[in-house]
$ cat coords.txt   # compact mmCIF, C-alpha atoms and all ligand atoms
# COMPACT_ATOMS: atom_id res chain seq x y z
CA MET A 1 -3.29 -8.18 25.45
CA SER A 2 -0.67 -8.55 28.18
CA ARG A 3 2.59 -10.32 27.39
CA THR A 4 5.05 -12.01 29.71
CA ALA A 5 8.69 -10.86 29.74
CA ALA A 6 9.60 -14.00 27.75
CA GLN A 7 6.94 -13.22 25.13
CA ILE A 8 8.18 -9.65 24.79
CA GLU A 9 11.73 -10.92 24.30
CA GLU A 10 10.53 -13.44 21.71
CA LEU A 11 8.67 -10.72 19.81
CA ARG A 12 11.72 -8.43 19.93
CA ASN A 13 13.84 -11.25 18.47
CA LYS A 14 11.37 -11.92 15.67
CA VAL A 15 11.34 -8.23 14.73
CA GLN A 16 15.15 -8.07 14.79
CA GLN A 17 15.49 -11.09 12.53
CA ILE A 18 13.94 -9.13 9.68
CA GLU A 19 16.40 -6.72 8.13
CA SER A 20 14.13 -4.68 5.95
CA TRP A 21 11.02 -3.03 7.38
CA TYR A 22 9.02 -0.46 5.43
CA HIS A 23 6.70 0.70 8.23
CA ARG A 24 7.62 1.73 11.75
CA ILE A 25 4.87 0.10 13.81
CA ASP A 26 4.32 0.21 17.55
CA LEU A 27 3.68 -3.37 18.65
CA GLY A 28 3.25 -2.48 22.33
CA ASP A 29 5.44 -3.26 25.36
CA GLY A 30 8.19 -1.00 23.98
CA VAL A 31 8.63 -3.06 20.82
CA GLU A 32 8.63 -1.14 17.54
CA THR A 33 9.42 -2.34 14.04
CA PRO A 34 12.52 -0.49 12.74
CA GLY A 35 10.85 0.68 9.51
CA HIS A 36 11.49 3.84 7.53
CA PHE A 37 8.00 5.37 7.70
CA ARG A 38 5.95 6.10 10.82
CA MET A 39 2.56 6.38 9.11
CA THR A 40 0.67 7.17 12.35
CA ASP A 41 2.14 10.68 12.00
CA TYR A 42 0.29 11.15 8.69
CA LEU A 43 -3.00 9.34 9.30
CA ALA A 44 -5.02 12.58 9.48
CA HIS A 45 -4.24 13.26 5.78
CA TYR A 46 -5.91 10.01 4.71
CA ASN A 47 -9.28 10.90 6.26
CA PHE A 48 -10.15 7.26 6.88
CA PRO A 49 -13.49 6.70 8.61
CA GLU A 50 -12.85 6.71 12.38
CA ARG A 51 -14.78 3.43 12.64
CA MET A 52 -14.92 0.79 9.94
CA ASP A 53 -17.19 -1.68 11.70
CA GLY A 54 -18.69 -4.19 9.31
CA MET A 55 -16.65 -2.98 6.35
CA ARG A 56 -14.82 -5.14 3.78
CA VAL A 57 -11.51 -3.43 2.97
CA LEU A 58 -8.97 -4.13 0.24
CA ASP A 59 -5.41 -2.84 0.86
CA VAL A 60 -3.46 -2.98 -2.41
CA GLY A 61 0.34 -3.00 -1.98
CA ALA A 62 0.23 -3.64 1.77
CA SER A 63 3.99 -4.09 2.36
CA THR A 64 4.66 -4.60 6.10
CA GLY A 65 1.00 -3.97 6.88
CA PHE A 66 0.63 -0.73 8.80
CA PHE A 67 -2.61 0.23 7.02
CA ALA A 68 -4.16 -3.26 6.87
CA TYR A 69 -3.86 -3.66 10.65
CA GLU A 70 -5.00 -0.07 11.22
CA PHE A 71 -8.22 -0.90 9.28
CA GLU A 72 -8.72 -3.97 11.47
CA ARG A 73 -8.10 -1.85 14.59
CA ARG A 74 -10.85 0.52 13.39
CA GLY A 75 -13.26 -2.42 13.32
CA ALA A 76 -13.23 -3.62 9.69
CA ALA A 77 -15.01 -6.99 9.43
CA GLU A 78 -12.54 -8.22 6.83
CA VAL A 79 -9.31 -6.80 5.42
CA VAL A 80 -7.81 -8.36 2.30
CA ALA A 81 -4.20 -7.25 1.93
CA VAL A 82 -2.70 -7.59 -1.53
CA GLU A 83 1.03 -8.04 -2.07
CA LEU A 84 3.07 -9.18 -5.05
CA PRO A 85 3.87 -12.90 -5.00
CA SER A 86 7.60 -12.32 -5.59
CA TRP A 87 10.26 -9.67 -6.12
CA ASP A 88 10.29 -10.62 -9.83
CA ALA A 89 6.59 -9.78 -10.08
CA HIS A 90 7.30 -6.03 -9.85
CA ASP A 91 6.99 -4.11 -13.12
CA TRP A 92 10.78 -4.08 -13.64
CA THR A 93 12.44 -2.90 -16.84
CA PRO A 94 13.70 -5.70 -19.15
CA ARG A 95 17.32 -4.80 -18.36
CA TYR A 96 16.83 -4.97 -14.59
CA ARG A 97 14.92 -8.22 -15.02
CA ARG A 98 17.85 -9.82 -16.91
CA GLY A 99 20.09 -8.93 -13.95
CA LEU A 100 17.56 -10.40 -11.51
CA GLU A 101 17.51 -13.67 -13.42
CA ARG A 102 21.28 -14.01 -12.96
CA ARG A 103 21.09 -13.64 -9.17
CA PRO A 104 21.25 -16.82 -7.05
CA SER A 105 17.83 -18.09 -6.06
CA SER A 106 18.86 -18.05 -2.36
CA GLU A 107 19.35 -14.27 -2.60
CA LYS A 108 15.91 -13.83 -4.19
CA GLU A 109 14.30 -16.02 -1.53
CA THR A 110 15.84 -13.92 1.26
CA VAL A 111 14.57 -10.66 -0.28
CA GLU A 112 11.10 -12.11 -0.74
CA ARG A 113 10.94 -13.51 2.77
CA GLU A 114 12.31 -10.42 4.48
CA VAL A 115 10.90 -7.60 2.36
CA MET A 116 7.62 -9.02 1.17
CA ARG A 117 6.43 -11.69 3.56
CA ASP A 118 7.66 -12.02 7.13
CA GLY A 119 7.24 -8.47 8.47
CA PHE A 120 3.51 -8.46 7.75
CA THR A 121 3.13 -11.85 9.48
CA VAL A 122 5.09 -10.80 12.57
CA VAL A 123 2.91 -7.68 12.98
CA GLY A 124 -0.29 -9.72 12.61
CA GLU A 125 0.85 -12.24 15.22
CA ALA A 126 1.89 -9.45 17.59
CA TYR A 127 -1.56 -7.85 17.35
CA GLY A 128 -3.41 -11.16 17.62
CA SER A 129 -5.01 -10.29 14.28
CA THR A 130 -7.95 -12.44 13.15
CA ARG A 131 -9.65 -10.43 10.37
CA VAL A 132 -6.75 -9.64 8.05
CA LYS A 133 -5.96 -12.02 5.21
CA ARG A 134 -3.14 -11.62 2.73
CA ILE A 135 -3.34 -12.63 -0.91
CA TRP A 136 -0.56 -12.64 -3.50
CA LYS A 137 -1.41 -10.75 -6.67
CA ALA A 138 -0.37 -7.88 -8.90
CA ILE A 139 -2.80 -4.98 -9.05
CA TYR A 140 -3.70 -5.96 -12.65
CA GLU A 141 -5.11 -9.30 -11.42
CA LEU A 142 -7.70 -7.84 -9.02
CA SER A 143 -11.27 -8.68 -9.94
CA ALA A 144 -14.66 -8.51 -8.27
CA ALA A 145 -15.51 -11.88 -9.85
CA GLU A 146 -12.83 -13.49 -7.71
CA LEU A 147 -12.63 -11.28 -4.61
CA GLY A 148 -16.10 -9.79 -4.37
CA THR A 149 -16.59 -6.06 -3.85
CA PHE A 150 -15.35 -3.86 -1.03
CA ASP A 151 -16.62 -0.88 0.96
CA LEU A 152 -13.17 0.64 0.90
CA VAL A 153 -10.29 -0.01 -1.50
CA PHE A 154 -6.95 1.55 -0.54
CA SER A 155 -3.82 2.01 -2.58
CA GLY A 156 -1.03 3.79 -0.68
CA ALA A 157 2.18 4.96 -2.34
CA MET A 158 2.24 2.27 -4.98
CA LEU A 159 0.80 3.57 -8.27
CA MET A 160 4.18 5.09 -9.24
CA HIS A 161 5.58 1.53 -9.17
CA VAL A 162 2.99 0.37 -11.69
CA ARG A 163 3.69 0.60 -15.43
CA ASP A 164 0.00 0.97 -16.25
CA PRO A 165 -1.60 2.89 -13.37
CA ILE A 166 -4.79 3.48 -15.36
CA LEU A 167 -5.38 -0.24 -15.76
CA GLY A 168 -4.55 -0.63 -12.06
CA ILE A 169 -7.20 1.94 -11.12
CA GLN A 170 -9.74 0.22 -13.39
CA ARG A 171 -9.08 -3.06 -11.58
CA MET A 172 -9.54 -1.37 -8.20
CA ARG A 173 -12.74 0.30 -9.46
CA ASP A 174 -14.09 -3.15 -10.36
CA CYS A 175 -13.59 -4.16 -6.72
CA CYS A 176 -15.43 -1.12 -5.27
CA LYS A 177 -19.04 -1.49 -4.11
CA PRO A 178 -21.34 1.03 -5.85
CA ASP A 179 -21.58 2.90 -2.53
CA GLY A 180 -17.95 2.23 -1.62
CA ARG A 181 -14.86 4.33 -2.18
CA LEU A 182 -11.25 4.17 -3.34
CA ILE A 183 -8.64 6.01 -1.31
CA VAL A 184 -5.40 6.63 -3.19
CA SER A 185 -2.12 8.22 -2.21
CA ILE A 186 0.61 8.97 -4.73
CA SER A 187 4.01 10.50 -4.53
CA THR A 188 4.13 13.66 -6.66
CA THR A 189 6.55 16.55 -6.91
CA MET A 190 4.09 18.43 -9.09
CA PRO A 191 1.99 21.27 -7.70
CA ASP A 192 -1.76 21.02 -7.19
CA ALA A 193 -2.47 23.13 -10.27
CA LYS A 194 -5.32 22.96 -12.77
CA GLU A 195 -3.50 21.34 -15.68
CA PRO A 196 -3.43 17.49 -15.48
CA ILE A 197 0.22 16.50 -15.98
CA ALA A 198 1.76 13.02 -16.11
CA LYS A 199 5.54 12.80 -16.08
CA PHE A 200 7.57 9.76 -17.08
CA VAL A 201 10.17 9.09 -14.36
CA GLY A 202 11.37 5.63 -15.46
CA GLU A 203 15.00 4.53 -14.93
CA TRP A 204 16.33 1.12 -15.99
CA ASN A 205 17.25 0.09 -12.44
CA GLN A 206 14.17 1.44 -10.62
CA CYS A 207 10.59 0.33 -10.43
CA ASN A 208 9.17 3.84 -10.79
CA TRP A 209 7.25 4.77 -13.92
CA TRP A 210 4.83 7.66 -13.74
CA GLN A 211 4.28 10.68 -11.61
CA MET A 212 0.88 12.31 -11.82
CA SER A 213 -0.03 15.78 -10.68
CA PRO A 214 -3.01 15.85 -8.29
CA ALA A 215 -5.27 17.13 -11.12
CA CYS A 216 -4.01 14.32 -13.36
CA LEU A 217 -4.90 11.65 -10.79
CA ASP A 218 -8.34 13.27 -10.37
CA ARG A 219 -8.90 13.13 -14.17
CA VAL A 220 -7.70 9.52 -14.38
CA LEU A 221 -10.09 8.60 -11.58
CA HIS A 222 -12.95 10.30 -13.46
CA CYS A 223 -12.01 8.36 -16.62
CA CYS A 224 -12.07 5.15 -14.59
CA ASP A 225 -15.70 5.71 -13.57
CA PHE A 226 -15.39 7.56 -10.30
CA THR A 227 -17.70 10.58 -10.38
CA THR A 228 -16.78 12.40 -7.19
CA ILE A 229 -13.35 13.18 -5.75
CA ASP A 230 -13.26 14.38 -2.16
CA HIS A 231 -11.01 14.69 0.92
CA ARG A 232 -8.11 15.95 -1.20
CA SER A 233 -4.98 16.43 0.88
CA THR A 234 -1.28 17.02 0.28
CA TYR A 235 1.53 16.46 2.73
CA THR A 236 5.24 15.69 2.78
CA LEU A 237 6.08 12.16 3.83
CA GLN A 238 9.39 12.02 5.67
CA ASP A 239 11.28 8.95 6.76
CA VAL A 240 12.25 8.58 10.41
CA THR A 241 15.69 10.13 9.80
CA GLY A 242 14.08 13.25 8.30
CA GLN A 243 16.41 12.98 5.29
CA PHE A 244 13.91 11.53 2.80
CA HIS A 245 11.09 13.86 1.73
CA ASP A 246 8.29 12.69 -0.52
CA PRO A 247 5.49 15.14 -1.39
CA THR A 248 2.28 13.13 -1.36
CA TYR A 249 -1.26 13.61 -2.63
CA VAL A 250 -4.21 11.70 -1.13
CA CYS A 251 -7.85 11.70 -2.22
CA HIS A 252 -11.06 9.69 -1.97
CA ALA A 253 -12.87 8.68 -5.16
CA PHE A 254 -16.53 7.62 -5.22
CA PRO A 255 -18.11 5.50 -7.98
CA GLY A 256 -20.92 7.04 -9.95
CA THR A 257 -24.45 5.74 -9.81
CA GLU A 258 -25.42 6.61 -13.39
CA ASP A 259 -24.40 4.63 -16.53
C1 LIG A 301 5.96 2.02 -1.28
S1 LIG A 301 5.14 0.58 -0.68
C2 LIG A 301 3.70 1.30 0.08
C3 LIG A 301 3.21 0.53 1.28
C4 LIG A 301 1.89 1.03 1.87
N1 LIG A 301 0.78 0.85 0.96
C5 LIG A 301 1.95 2.47 2.33
O1 LIG A 301 1.24 3.32 1.79
O2 LIG A 301 2.70 2.76 3.26
C6 LIG A 301 4.48 -0.09 -2.21
C7 LIG A 301 3.97 -1.52 -2.10
O3 LIG A 301 3.29 -1.85 -3.30
C8 LIG A 301 3.71 -3.15 -3.74
N2 LIG A 301 3.58 -3.20 -5.21
C9 LIG A 301 4.42 -2.69 -6.14
N3 LIG A 301 3.98 -2.93 -7.38
C10 LIG A 301 2.81 -3.63 -7.25
C11 LIG A 301 1.87 -4.19 -8.17
N4 LIG A 301 2.06 -4.09 -9.48
N5 LIG A 301 0.80 -4.83 -7.68
C12 LIG A 301 0.60 -4.95 -6.33
N6 LIG A 301 1.47 -4.44 -5.41
C13 LIG A 301 2.55 -3.79 -5.86
C14 LIG A 301 5.15 -3.27 -3.25
O4 LIG A 301 5.58 -4.60 -3.16
C15 LIG A 301 5.07 -2.57 -1.91
O5 LIG A 301 4.67 -3.44 -0.89
$ encode --input "coords.txt" --output "structure tokens"
Amino acid sequence: MSRTAAQIEELRNKVQQIESWYHRIDLGDGVETPGHFRMTDYLAHYNFPERMDGMRVLDVGASTGFFAYEFERRGAAEVVAVELPSWDAHDWTPRYRRGLERRPSSEKETVEREVMRDGFTVVGEAYGSTRVKRIWKAIYELSAAELGTFDLVFSGAMLMHVRDPILGIQRMRDCCKPDGRLIVSISTTMPDAKEPIAKFVGEWNQCNWWQMSPACLDRVLHCCDFTTIDHRSTYTLQDVTGQFHDPTYVCHAFPGTED
């Protein structure tokens, strides 16, 4: 797609109007979203199929959309990107939630527009996207009865924000085709050792609950009816400043065929 100088300027302005970007995304013509994480640098660790032609893909916790649009670029027939309907819909602690309720609604609207909505839309428009659709739901609300089943379900760096990650994984399992797969990444400071360890990391003013060791996530996936775990990978996610380091575990989980 070739853009005129005026279109490039317009795109640059739209990107600049959004203060908070999660992903750093190359939109072409020298325009890049000023996000914290350049996920293209880490794509090899996710072992996504090179081509996704014909696939239905569910991206749970899509944020500013790097992965959803990457799946479309790889040929996915349909990408359903799931994001929370509002900032309040996070699994906050009761104390943090009381504070949120006292904040002016204009402040909440700005956060929701800038952090949760507009970035994803601007990227989609810039790419001329036609096969990515966003829906507003918490992970707990995902169901095959409503959404159908998917060849690939992806959850990147979000299960630590979920109070009940096991229920979340069960919901994602429900949305997997029998011959599909779930690809999960989690942040974990724990080594890839044999013992399955879950650590509570909750703080009243954060939306972080559990850390799982790689073996723990594998066991949880088995308990949630995935029989095979493959493409296990660990890497350290860094932000673009190099100051933030987040050890990350990624794996693919395949549903079983037996009862
Ligand atoms: C750290 S970002 C990860 C973005 C992207 N998946 C990636 O891997 O780069 C986590 C995303 O999950 C979303 N999220 C948090 N809790 C959620 C929940 N309970 N259900 C659905 N999405 C949630 C957040 O709003 C945010 O967009």
$ residues_around --input "coords.txt" --residues "Val122 of chain A" --least-positions-apart "6" --cutoff "12 Å" --atoms "only C-alpha atoms" --output "MDAnalysis selection string"
chainID A and resid 10:18 21 25 27 31:33 64:66 69 113:114 116 128:129
$ write_last_selection --input "coords.txt" --atoms "C-alpha atoms" --output "PDB file, keeping the file's coordinate frame"
ATOM      1  CA  GLU A  10      10.530 -13.440  21.710  1.00  0.00           C
ATOM      2  CA  LEU A  11       8.670 -10.720  19.810  1.00  0.00           C
ATOM      3  CA  ARG A  12      11.720  -8.430  19.930  1.00  0.00           C
ATOM      4  CA  ASN A  13      13.840 -11.250  18.470  1.00  0.00           C
ATOM      5  CA  LYS A  14      11.370 -11.920  15.670  1.00  0.00           C
ATOM      6  CA  VAL A  15      11.340  -8.230  14.730  1.00  0.00           C
ATOM      7  CA  GLN A  16      15.150  -8.070  14.790  1.00  0.00           C
ATOM      8  CA  GLN A  17      15.490 -11.090  12.530  1.00  0.00           C
ATOM      9  CA  ILE A  18      13.940  -9.130   9.680  1.00  0.00           C
ATOM     10  CA  TRP A  21      11.020  -3.030   7.380  1.00  0.00           C
ATOM     11  CA  ILE A  25       4.870   0.100  13.810  1.00  0.00           C
ATOM     12  CA  LEU A  27       3.680  -3.370  18.650  1.00  0.00           C
ATOM     13  CA  VAL A  31       8.630  -3.060  20.820  1.00  0.00           C
ATOM     14  CA  GLU A  32       8.630  -1.140  17.540  1.00  0.00           C
ATOM     15  CA  THR A  33       9.420  -2.340  14.040  1.00  0.00           C
ATOM     16  CA  THR A  64       4.660  -4.600   6.100  1.00  0.00           C
ATOM     17  CA  GLY A  65       1.000  -3.970   6.880  1.00  0.00           C
ATOM     18  CA  PHE A  66       0.630  -0.730   8.800  1.00  0.00           C
ATOM     19  CA  TYR A  69      -3.860  -3.660  10.650  1.00  0.00           C
ATOM     20  CA  ARG A 113      10.940 -13.510   2.770  1.00  0.00           C
ATOM     21  CA  GLU A 114      12.310 -10.420   4.480  1.00  0.00           C
ATOM     22  CA  MET A 116       7.620  -9.020   1.170  1.00  0.00           C
ATOM     23  CA  GLY A 128      -3.410 -11.160  17.620  1.00  0.00           C
ATOM     24  CA  SER A 129      -5.010 -10.290  14.280  1.00  0.00           C
TER      25      SER A 129
END
$ closest_atom_pairs --input "coords.txt" --of "chain A" --to "ligand LIG 301 (chain A)" --cutoff "7 Å" --atoms "all atoms listed in the file" --output "tab-separated table"
residue	atom	partner	partner_atom	distance
A:His23	CA	A:LIG301	O2	6.7
A:Met39	CA	A:LIG301	O2	6.9
A:Val60	CA	A:LIG301	N6	6.0
A:Gly61	CA	A:LIG301	O3	3.4
A:Ala62	CA	A:LIG301	N1	4.6
A:Ser63	CA	A:LIG301	O5	3.4
A:Phe66	CA	A:LIG301	O2	6.9
A:Phe67	CA	A:LIG301	C4	6.9
A:Val82	CA	A:LIG301	C12	6.4
A:Glu83	CA	A:LIG301	N6	4.9
A:Leu84	CA	A:LIG301	N6	5.0
A:His90	CA	A:LIG301	N3	5.2
A:Asp91	CA	A:LIG301	N4	6.1
A:Met116	CA	A:LIG301	O4	6.5
A:Lys137	CA	A:LIG301	C12	6.1
A:Ala138	CA	A:LIG301	N5	3.5
A:Ile139	CA	A:LIG301	N5	3.9
A:Tyr140	CA	A:LIG301	N5	6.8
A:Ser155	CA	A:LIG301	N1	5.9
A:Gly156	CA	A:LIG301	O1	3.4
A:Ala157	CA	A:LIG301	O1	4.5
A:Met158	CA	A:LIG301	C6	4.3
A:His161	CA	A:LIG301	N3	5.1
A:Val162	CA	A:LIG301	N4	5.1
$ closest_residue --input "coords.txt" --among "A:Ser20, A:Thr188, A:Cys207, A:Glu195" --to "Glu112 of chain A" --atoms "only C-alpha atoms"
A:Ser20
$ atom_distance --input "coords.txt" --atom1 "atom CA of Pro178 of chain A" --atom2 "atom CA of Thr130 of chain A"
26.9 Å
$ residues_around --input "coords.txt" --residues "Tyr235 of chain A" --least-positions-apart "6" --cutoff "12 Å" --atoms "only C-alpha atoms" --output "list in words"
Met39, Asp41, Tyr42, Leu43, Ala44, His45, Tyr46, Ser185, Ile186, Ser187, Thr188, Thr189, Pro191, Asp192, Pro214, His245, Asp246, Pro247, Thr248, Tyr249, Val250 and Cys251 of chain A
$ residues_around --input "coords.txt" --residues "Ala76 of chain A" --least-positions-apart "6" --cutoff "12 Å" --atoms "all atoms listed in the file" --output "list in words"
Phe48, Pro49, Glu50, Arg51, Met52, Asp53, Gly54, Met55, Arg56, Val57, Leu58, Asp59, Phe67, Ala68, Tyr69, Glu70, Ser129, Thr130, Arg131, Val132, Lys133, Phe150, Asp151 and Leu152 of chain A
$ axis_aligned_box --input "coords.txt" --around "segment 37-49 of chain A" --padding-each-side "4 Å" --output "AutoDock Vina command-line options"
--center_x -2.7 --center_y 9.3 --center_z 8.5 --size_x 29.5 --size_y 15.9 --size_z 15.6
$ atom_distance --input "coords.txt" --atom1 "atom CA of Arg95 of chain A" --atom2 "atom CA of Glu19 of chain A"
26.6 Å
$ atom_distance --input "coords.txt" --atom1 "atom CA of Ala77 of chain A" --atom2 "atom CA of Glu141 of chain A"
23.2 Å
$ closest_residue --input "coords.txt" --among "A:Asn208, A:Thr4, A:Thr241, A:Thr121" --to "Pro34 of chain A" --atoms "all atoms listed in the file"
A:Thr241
$ closest_residue --input "coords.txt" --among "A:Leu100, A:Arg24, A:Lys199, A:Trp204" --to "Phe37 of chain A" --atoms "all atoms listed in the file"
A:Arg24
$ residues_around --input "coords.txt" --residues "segment 217-229 of chain A" --least-positions-apart "3" --cutoff "6 Å" --atoms "only C-alpha atoms" --output "ChimeraX atom specification"
/A:170,212,214,252-256
